[in-house]
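This is query-v7.pdb (PDB, N, CA and C atoms, pLDDT in the B column).
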```pdb
MODEL        1
ATOM      1  N   MET F   1     140.314  67.839 159.287  1.00 51.00           N
ATOM      2  CA  MET F   1     139.920  68.076 157.920  1.00 51.00           C
ATOM      3  C   MET F   1     139.128  69.372 157.853  1.00 51.00           C
ATOM      4  N   ALA F   2     139.491  70.216 156.978  1.00 56.00           N
ATOM      5  CA  ALA F   2     138.820  71.504 156.833  1.00 56.00           C
ATOM      6  C   ALA F   2     137.560  71.344 155.987  1.00 56.00           C
ATOM      7  N   THR F   3     136.555  72.118 156.358  1.00 61.00           N
ATOM      8  CA  THR F   3     135.322  72.100 155.568  1.00 61.00           C
ATOM      9  C   THR F   3     135.286  73.330 154.680  1.00 61.00           C
ATOM     10  N   ASN F   4     134.678  73.172 153.575  1.00 61.00           N
ATOM     11  CA  ASN F   4     134.549  74.264 152.620  1.00 61.00           C
ATOM     12  C   ASN F   4     133.367  75.144 153.038  1.00 61.00           C
ATOM     13  N   ILE F   5     133.638  76.375 153.346  1.00 62.00           N
ATOM     14  CA  ILE F   5     132.587  77.291 153.789  1.00 62.00           C
ATOM     15  C   ILE F   5     131.573  77.538 152.675  1.00 62.00           C
ATOM     16  N   CYS F   6     132.016  77.553 151.455  1.00 65.00           N
ATOM     17  CA  CYS F   6     131.116  77.831 150.335  1.00 65.00           C
ATOM     18  C   CYS F   6     130.135  76.694 150.082  1.00 65.00           C
ATOM     19  N   SER F   7     130.468  75.488 150.506  1.00 59.00           N
ATOM     20  CA  SER F   7     129.597  74.354 150.229  1.00 59.00           C
ATOM     21  C   SER F   7     128.474  74.219 151.242  1.00 59.00           C
ATOM     22  N   ARG F   8     128.524  74.962 152.330  1.00 62.00           N
ATOM     23  CA  ARG F   8     127.464  74.897 153.323  1.00 62.00           C
ATOM     24  C   ARG F   8     126.215  75.589 152.797  1.00 62.00           C
ATOM     25  N   THR F   9     125.084  75.045 153.167  1.00 70.00           N
ATOM     26  CA  THR F   9     123.823  75.662 152.757  1.00 70.00           C
ATOM     27  C   THR F   9     123.120  76.198 153.995  1.00 70.00           C
ATOM     28  N   ARG F  10     122.416  77.273 153.832  1.00 73.00           N
ATOM     29  CA  ARG F  10     121.659  77.852 154.924  1.00 73.00           C
ATOM     30  C   ARG F  10     120.232  77.360 154.864  1.00 73.00           C
ATOM     31  N   LYS F  11     119.641  77.228 156.038  1.00 75.00           N
ATOM     32  CA  LYS F  11     118.237  76.870 156.104  1.00 75.00           C
ATOM     33  C   LYS F  11     117.415  78.090 155.740  1.00 75.00           C
ATOM     34  N   LYS F  12     116.322  77.855 155.074  1.00 83.00           N
ATOM     35  CA  LYS F  12     115.436  78.949 154.686  1.00 83.00           C
ATOM     36  C   LYS F  12     114.283  79.009 155.677  1.00 83.00           C
ATOM     37  N   PHE F  13     114.284  80.057 156.488  1.00 89.00           N
ATOM     38  CA  PHE F  13     113.234  80.249 157.474  1.00 89.00           C
ATOM     39  C   PHE F  13     112.230  81.259 156.936  1.00 89.00           C
ATOM     40  N   ALA F  14     110.969  81.023 157.260  1.00 92.00           N
ATOM     41  CA  ALA F  14     109.897  81.919 156.843  1.00 92.00           C
ATOM     42  C   ALA F  14     109.027  82.227 158.042  1.00 92.00           C
ATOM     43  N   THR F  15     108.374  83.364 157.994  1.00 93.00           N
ATOM     44  CA  THR F  15     107.413  83.688 159.041  1.00 93.00           C
ATOM     45  C   THR F  15     106.142  82.885 158.804  1.00 93.00           C
ATOM     46  N   VAL F  16     105.313  82.849 159.820  1.00 93.00           N
ATOM     47  CA  VAL F  16     104.056  82.109 159.704  1.00 93.00           C
ATOM     48  C   VAL F  16     103.164  82.756 158.647  1.00 93.00           C
ATOM     49  N   LYS F  17     103.180  84.075 158.583  1.00 94.00           N
ATOM     50  CA  LYS F  17     102.360  84.786 157.603  1.00 94.00           C
ATOM     51  C   LYS F  17     102.810  84.474 156.178  1.00 94.00           C
ATOM     52  N   GLU F  18     104.120  84.446 155.936  1.00 94.00           N
ATOM     53  CA  GLU F  18     104.635  84.115 154.605  1.00 94.00           C
ATOM     54  C   GLU F  18     104.270  82.693 154.210  1.00 94.00           C
ATOM     55  N   LEU F  19     104.350  81.775 155.172  1.00 94.00           N
ATOM     56  CA  LEU F  19     104.003  80.384 154.902  1.00 94.00           C
ATOM     57  C   LEU F  19     102.518  80.240 154.596  1.00 94.00           C
ATOM     58  N   ALA F  20     101.685  80.984 155.311  1.00 94.00           N
ATOM     59  CA  ALA F  20     100.239  80.940 155.064  1.00 94.00           C
ATOM     60  C   ALA F  20      99.900  81.475 153.682  1.00 94.00           C
ATOM     61  N   GLU F  21     100.564  82.549 153.275  1.00 95.00           N
ATOM     62  CA  GLU F  21     100.321  83.095 151.937  1.00 95.00           C
ATOM     63  C   GLU F  21     100.773  82.123 150.856  1.00 95.00           C
ATOM     64  N   GLU F  22     101.897  81.450 151.100  1.00 93.00           N
ATOM     65  CA  GLU F  22     102.411  80.497 150.123  1.00 93.00           C
ATOM     66  C   GLU F  22     101.484  79.296 149.971  1.00 93.00           C
ATOM     67  N   LEU F  23     100.904  78.839 151.078  1.00 92.00           N
ATOM     68  CA  LEU F  23     100.016  77.678 151.051  1.00 92.00           C
ATOM     69  C   LEU F  23      98.561  78.054 150.820  1.00 92.00           C
ATOM     70  N   ASP F  24      98.281  79.355 150.741  1.00 94.00           N
ATOM     71  CA  ASP F  24      96.926  79.863 150.503  1.00 94.00           C
ATOM     72  C   ASP F  24      95.945  79.372 151.572  1.00 94.00           C
ATOM     73  N   CYS F  25      96.327  79.594 152.824  1.00 94.00           N
ATOM     74  CA  CYS F  25      95.449  79.274 153.942  1.00 94.00           C
ATOM     75  C   CYS F  25      95.598  80.377 154.989  1.00 94.00           C
ATOM     76  N   CYS F  26      94.865  80.256 156.076  1.00 95.00           N
ATOM     77  CA  CYS F  26      94.925  81.302 157.093  1.00 95.00           C
ATOM     78  C   CYS F  26      96.071  81.027 158.076  1.00 95.00           C
ATOM     79  N   VAL F  27      96.453  82.065 158.776  1.00 94.00           N
ATOM     80  CA  VAL F  27      97.567  81.984 159.717  1.00 94.00           C
ATOM     81  C   VAL F  27      97.227  81.034 160.863  1.00 94.00           C
ATOM     82  N   GLN F  28      95.971  81.023 161.291  1.00 95.00           N
ATOM     83  CA  GLN F  28      95.547  80.141 162.376  1.00 95.00           C
ATOM     84  C   GLN F  28      95.745  78.674 162.011  1.00 95.00           C
ATOM     85  N   GLN F  29      95.542  78.328 160.767  1.00 94.00           N
ATOM     86  CA  GLN F  29      95.732  76.947 160.328  1.00 94.00           C
ATOM     87  C   GLN F  29      97.198  76.541 160.444  1.00 94.00           C
ATOM     88  N   ILE F  30      98.112  77.454 160.140  1.00 93.00           N
ATOM     89  CA  ILE F  30      99.538  77.163 160.256  1.00 93.00           C
ATOM     90  C   ILE F  30      99.906  76.965 161.717  1.00 93.00           C
ATOM     91  N   TYR F  31      99.383  77.818 162.611  1.00 93.00           N
ATOM     92  CA  TYR F  31      99.660  77.661 164.037  1.00 93.00           C
ATOM     93  C   TYR F  31      99.118  76.332 164.560  1.00 93.00           C
ATOM     94  N   LYS F  32      97.935  75.918 164.112  1.00 94.00           N
ATOM     95  CA  LYS F  32      97.378  74.622 164.518  1.00 94.00           C
ATOM     96  C   LYS F  32      98.261  73.486 164.024  1.00 94.00           C
ATOM     97  N   THR F  33      98.760  73.614 162.813  1.00 92.00           N
ATOM     98  CA  THR F  33      99.638  72.589 162.251  1.00 92.00           C
ATOM     99  C   THR F  33     100.947  72.516 163.024  1.00 92.00           C
ATOM    100  N   LEU F  34     101.478  73.657 163.426  1.00 92.00           N
ATOM    101  CA  LEU F  34     102.741  73.684 164.156  1.00 92.00           C
ATOM    102  C   LEU F  34     102.614  73.129 165.570  1.00 92.00           C
ATOM    103  N   LYS F  35     101.383  73.043 166.105  1.00 92.00           N
ATOM    104  CA  LYS F  35     101.171  72.464 167.430  1.00 92.00           C
ATOM    105  C   LYS F  35     101.140  70.938 167.393  1.00 92.00           C
ATOM    106  N   ARG F  36     101.073  70.362 166.216  1.00 89.00           N
ATOM    107  CA  ARG F  36     101.029  68.905 166.095  1.00 89.00           C
ATOM    108  C   ARG F  36     102.328  68.286 166.590  1.00 89.00           C
ATOM    109  N   PRO F  37     102.256  67.058 167.099  1.00 86.00           N
ATOM    110  CA  PRO F  37     103.492  66.393 167.524  1.00 86.00           C
ATOM    111  C   PRO F  37     104.414  66.151 166.332  1.00 86.00           C
ATOM    112  N   GLY F  38     105.683  66.359 166.521  1.00 86.00           N
ATOM    113  CA  GLY F  38     106.649  66.178 165.456  1.00 86.00           C
ATOM    114  C   GLY F  38     107.035  67.459 164.755  1.00 86.00           C
ATOM    115  N   MET F  39     106.295  68.521 164.992  1.00 89.00           N
ATOM    116  CA  MET F  39     106.582  69.792 164.332  1.00 89.00           C
ATOM    117  C   MET F  39     107.584  70.645 165.103  1.00 89.00           C
ATOM    118  N   GLU F  40     108.054  70.161 166.258  1.00 89.00           N
ATOM    119  CA  GLU F  40     109.006  70.931 167.057  1.00 89.00           C
ATOM    120  C   GLU F  40     110.323  71.124 166.321  1.00 89.00           C
ATOM    121  N   ASP F  41     110.658  70.210 165.421  1.00 88.00           N
ATOM    122  CA  ASP F  41     111.929  70.281 164.702  1.00 88.00           C
ATOM    123  C   ASP F  41     111.992  71.436 163.708  1.00 88.00           C
ATOM    124  N   CYS F  42     110.860  71.854 163.202  1.00 90.00           N
ATOM    125  CA  CYS F  42     110.886  72.888 162.167  1.00 90.00           C
ATOM    126  C   CYS F  42     110.615  74.292 162.712  1.00 90.00           C
ATOM    127  N   LYS F  43     110.286  74.408 164.012  1.00 90.00           N
ATOM    128  CA  LYS F  43     110.020  75.716 164.611  1.00 90.00           C
ATOM    129  C   LYS F  43     111.281  76.292 165.234  1.00 90.00           C
ATOM    130  N   LYS F  44     111.408  77.603 165.156  1.00 89.00           N
ATOM    131  CA  LYS F  44     112.490  78.305 165.824  1.00 89.00           C
ATOM    132  C   LYS F  44     111.901  79.563 166.442  1.00 89.00           C
ATOM    133  N   MET F  45     112.112  79.731 167.730  1.00 87.00           N
ATOM    134  CA  MET F  45     111.590  80.897 168.431  1.00 87.00           C
ATOM    135  C   MET F  45     112.506  82.094 168.195  1.00 87.00           C
ATOM    136  N   VAL F  46     111.910  83.228 167.909  1.00 88.00           N
ATOM    137  CA  VAL F  46     112.640  84.475 167.731  1.00 88.00           C
ATOM    138  C   VAL F  46     112.105  85.434 168.787  1.00 88.00           C
ATOM    139  N   GLY F  47     112.903  85.739 169.774  1.00 86.00           N
ATOM    140  CA  GLY F  47     112.440  86.571 170.872  1.00 86.00           C
ATOM    141  C   GLY F  47     111.503  85.790 171.767  1.00 86.00           C
ATOM    142  N   THR F  48     110.517  86.470 172.312  1.00 86.00           N
ATOM    143  CA  THR F  48     109.592  85.800 173.223  1.00 86.00           C
ATOM    144  C   THR F  48     108.336  85.303 172.533  1.00 86.00           C
ATOM    145  N   ALA F  49     107.954  85.918 171.431  1.00 84.00           N
ATOM    146  CA  ALA F  49     106.692  85.548 170.807  1.00 84.00           C
ATOM    147  C   ALA F  49     106.806  85.206 169.327  1.00 84.00           C
ATOM    148  N   GLY F  50     107.917  85.508 168.700  1.00 87.00           N
ATOM    149  CA  GLY F  50     108.035  85.285 167.261  1.00 87.00           C
ATOM    150  C   GLY F  50     108.410  83.852 166.923  1.00 87.00           C
ATOM    151  N   ILE F  51     107.879  83.358 165.837  1.00 90.00           N
ATOM    152  CA  ILE F  51     108.180  81.996 165.369  1.00 90.00           C
ATOM    153  C   ILE F  51     108.638  82.076 163.926  1.00 90.00           C
ATOM    154  N   ARG F  52     109.697  81.366 163.614  1.00 93.00           N
ATOM    155  CA  ARG F  52     110.148  81.184 162.236  1.00 93.00           C
ATOM    156  C   ARG F  52     110.083  79.690 161.942  1.00 93.00           C
ATOM    157  N   VAL F  53     109.787  79.364 160.710  1.00 94.00           N
ATOM    158  CA  VAL F  53     109.595  77.975 160.315  1.00 94.00           C
ATOM    159  C   VAL F  53     110.634  77.602 159.260  1.00 94.00           C
ATOM    160  N   ASP F  54     111.335  76.492 159.491  1.00 92.00           N
ATOM    161  CA  ASP F  54     112.261  75.947 158.503  1.00 92.00           C
ATOM    162  C   ASP F  54     111.404  75.314 157.412  1.00 92.00           C
ATOM    163  N   LYS F  55     111.371  75.931 156.247  1.00 92.00           N
ATOM    164  CA  LYS F  55     110.453  75.511 155.192  1.00 92.00           C
ATOM    165  C   LYS F  55     110.724  74.091 154.711  1.00 92.00           C
ATOM    166  N   GLU F  56     111.990  73.735 154.516  1.00 91.00           N
ATOM    167  CA  GLU F  56     112.309  72.406 154.016  1.00 91.00           C
ATOM    168  C   GLU F  56     111.857  71.327 154.997  1.00 91.00           C
ATOM    169  N   LYS F  57     112.137  71.532 156.279  1.00 92.00           N
ATOM    170  CA  LYS F  57     111.752  70.558 157.305  1.00 92.00           C
ATOM    171  C   LYS F  57     110.233  70.511 157.440  1.00 92.00           C
ATOM    172  N   PHE F  58     109.570  71.667 157.325  1.00 93.00           N
ATOM    173  CA  PHE F  58     108.112  71.725 157.415  1.00 93.00           C
ATOM    174  C   PHE F  58     107.472  70.879 156.318  1.00 93.00           C
ATOM    175  N   TYR F  59     107.914  71.080 155.077  1.00 92.00           N
ATOM    176  CA  TYR F  59     107.342  70.318 153.970  1.00 92.00           C
ATOM    177  C   TYR F  59     107.675  68.836 154.070  1.00 92.00           C
ATOM    178  N   GLU F  60     108.849  68.511 154.591  1.00 92.00           N
ATOM    179  CA  GLU F  60     109.240  67.103 154.766  1.00 92.00           C
ATOM    180  C   GLU F  60     108.317  66.420 155.774  1.00 92.00           C
ATOM    181  N   ILE F  61     108.040  67.083 156.887  1.00 91.00           N
ATOM    182  CA  ILE F  61     107.153  66.514 157.911  1.00 91.00           C
ATOM    183  C   ILE F  61     105.722  66.421 157.376  1.00 91.00           C
ATOM    184  N   MET F  62     105.276  67.436 156.646  1.00 89.00           N
ATOM    185  CA  MET F  62     103.922  67.418 156.092  1.00 89.00           C
ATOM    186  C   MET F  62     103.746  66.272 155.095  1.00 89.00           C
ATOM    187  N   GLU F  63     104.774  65.988 154.302  1.00 91.00           N
ATOM    188  CA  GLU F  63     104.710  64.855 153.387  1.00 91.00           C
ATOM    189  C   GLU F  63     104.554  63.552 154.146  1.00 91.00           C
ATOM    190  N   GLN F  64     105.276  63.394 155.239  1.00 88.00           N
ATOM    191  CA  GLN F  64     105.180  62.173 156.036  1.00 88.00           C
ATOM    192  C   GLN F  64     103.804  62.029 156.659  1.00 88.00           C
ATOM    193  N   ILE F  65     103.215  63.154 157.092  1.00 83.00           N
ATOM    194  CA  ILE F  65     101.901  63.099 157.727  1.00 83.00           C
ATOM    195  C   ILE F  65     100.817  62.745 156.714  1.00 83.00           C
ATOM    196  N   TYR F  66     100.824  63.416 155.582  1.00 82.00           N
ATOM    197  CA  TYR F  66      99.722  63.259 154.617  1.00 82.00           C
ATOM    198  C   TYR F  66      99.964  62.184 153.568  1.00 82.00           C
ATOM    199  N   ARG F  67     101.122  61.553 153.597  1.00 83.00           N
ATOM    200  CA  ARG F  67     101.373  60.457 152.666  1.00 83.00           C
ATOM    201  C   ARG F  67     100.611  59.205 153.075  1.00 83.00           C
ATOM    202  N   LYS F  68     100.303  59.077 154.349  1.00 66.00           N
ATOM    203  CA  LYS F  68      99.643  57.871 154.889  1.00 66.00           C
ATOM    204  C   LYS F  68      98.272  57.674 154.350  1.00 66.00           C
TER
ENDMDL
END
```
This entry written out as structure tokens:
Amino acid sequence: MATNICSRTRKKFATVKELAEELDCCVQQIYKTLKRPGMEDCKKMVGTAGIRVDKEKFYEIMEQIYRK
């Protein structure tokens, strides 16, 4: 069965700095949050030191953490 290429959606990745500006907090707070268990799913390494964050997955995990 063929899949429709147009129906696929791309994940929206953001840098840590962009995410910090969006959430109005410091970059260090985002890095601390990304070190929490369960956050491995939303991180993507770019090169040796760069990190990109899947925004949708990040917010989904944050909702699960802070909903309790």
Open item on the list: For a quick check of understanding, using only C-alpha atoms, which of F:Arg52, F:Ile30, F:Met45, F:Lys35 has the smallest distance to Ala14 of chain F?
Closed with: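 Residue with the minimum atom-to-atom distance to Ala14 of chain F: F:Arg52.
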Task: Expected answer as a ChimeraX atom specification: strand (DSSP E or B) residues in chain F - done: /F:13-15,43-46,50-54
Open item on the list: Could you check which residues have any atom within 7 Å of (116.4, 73.3, 162.1), counting all atoms listed in the file with coordinates taken straight from the file, and then list them as number ranges by chain?
Closed with: F: 41-43, 54
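Counting all atoms listed in the file, the residue from F:Cys25, F:Leu34, F:Val16, F:Met39 that sits nearest to Ile61 of chain F is F:Met39.
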TODO: Could you jot down the atom CA of Glu56 of chain F to atom CA of Lys11 of chain F separation for me, Å, one decimal place?
DONE: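 These two atoms are separated by 7.7 Å.
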Open item on the list: Let's see if you can do this: from backbone DSSP, list all alpha helix (DSSP H) residues in segment 11-64 of chain F, as number ranges by chain.
Closed with: F: 16-23, 27-34, 55-64
- [ ] Figure out the distance between atom N of Lys57 of chain F and atom CA of Glu40 of chain F, please, to one decimal in Å.
- [x]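 Going from atom CA of Glu40 of chain F over to atom N of Lys57 of chain F, I get 11.2 Å.
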- [ ] May I have the residues at most 8 Å from (112.7, 86.3, 161.7) in the file's coordinates, counting only C-alpha atoms, as a PyMOL selection string?
- [x] chain F and resi 13-15+46+50-52
- [ ] Enter the distance from atom N of Gln64 of chain F to atom N of Glu18 of chain F, in Å, rounded to one decimal.
- [x]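 Atom-to-atom, atom N of Gln64 of chain F to atom N of Glu18 of chain F, that is 21.1 Å.
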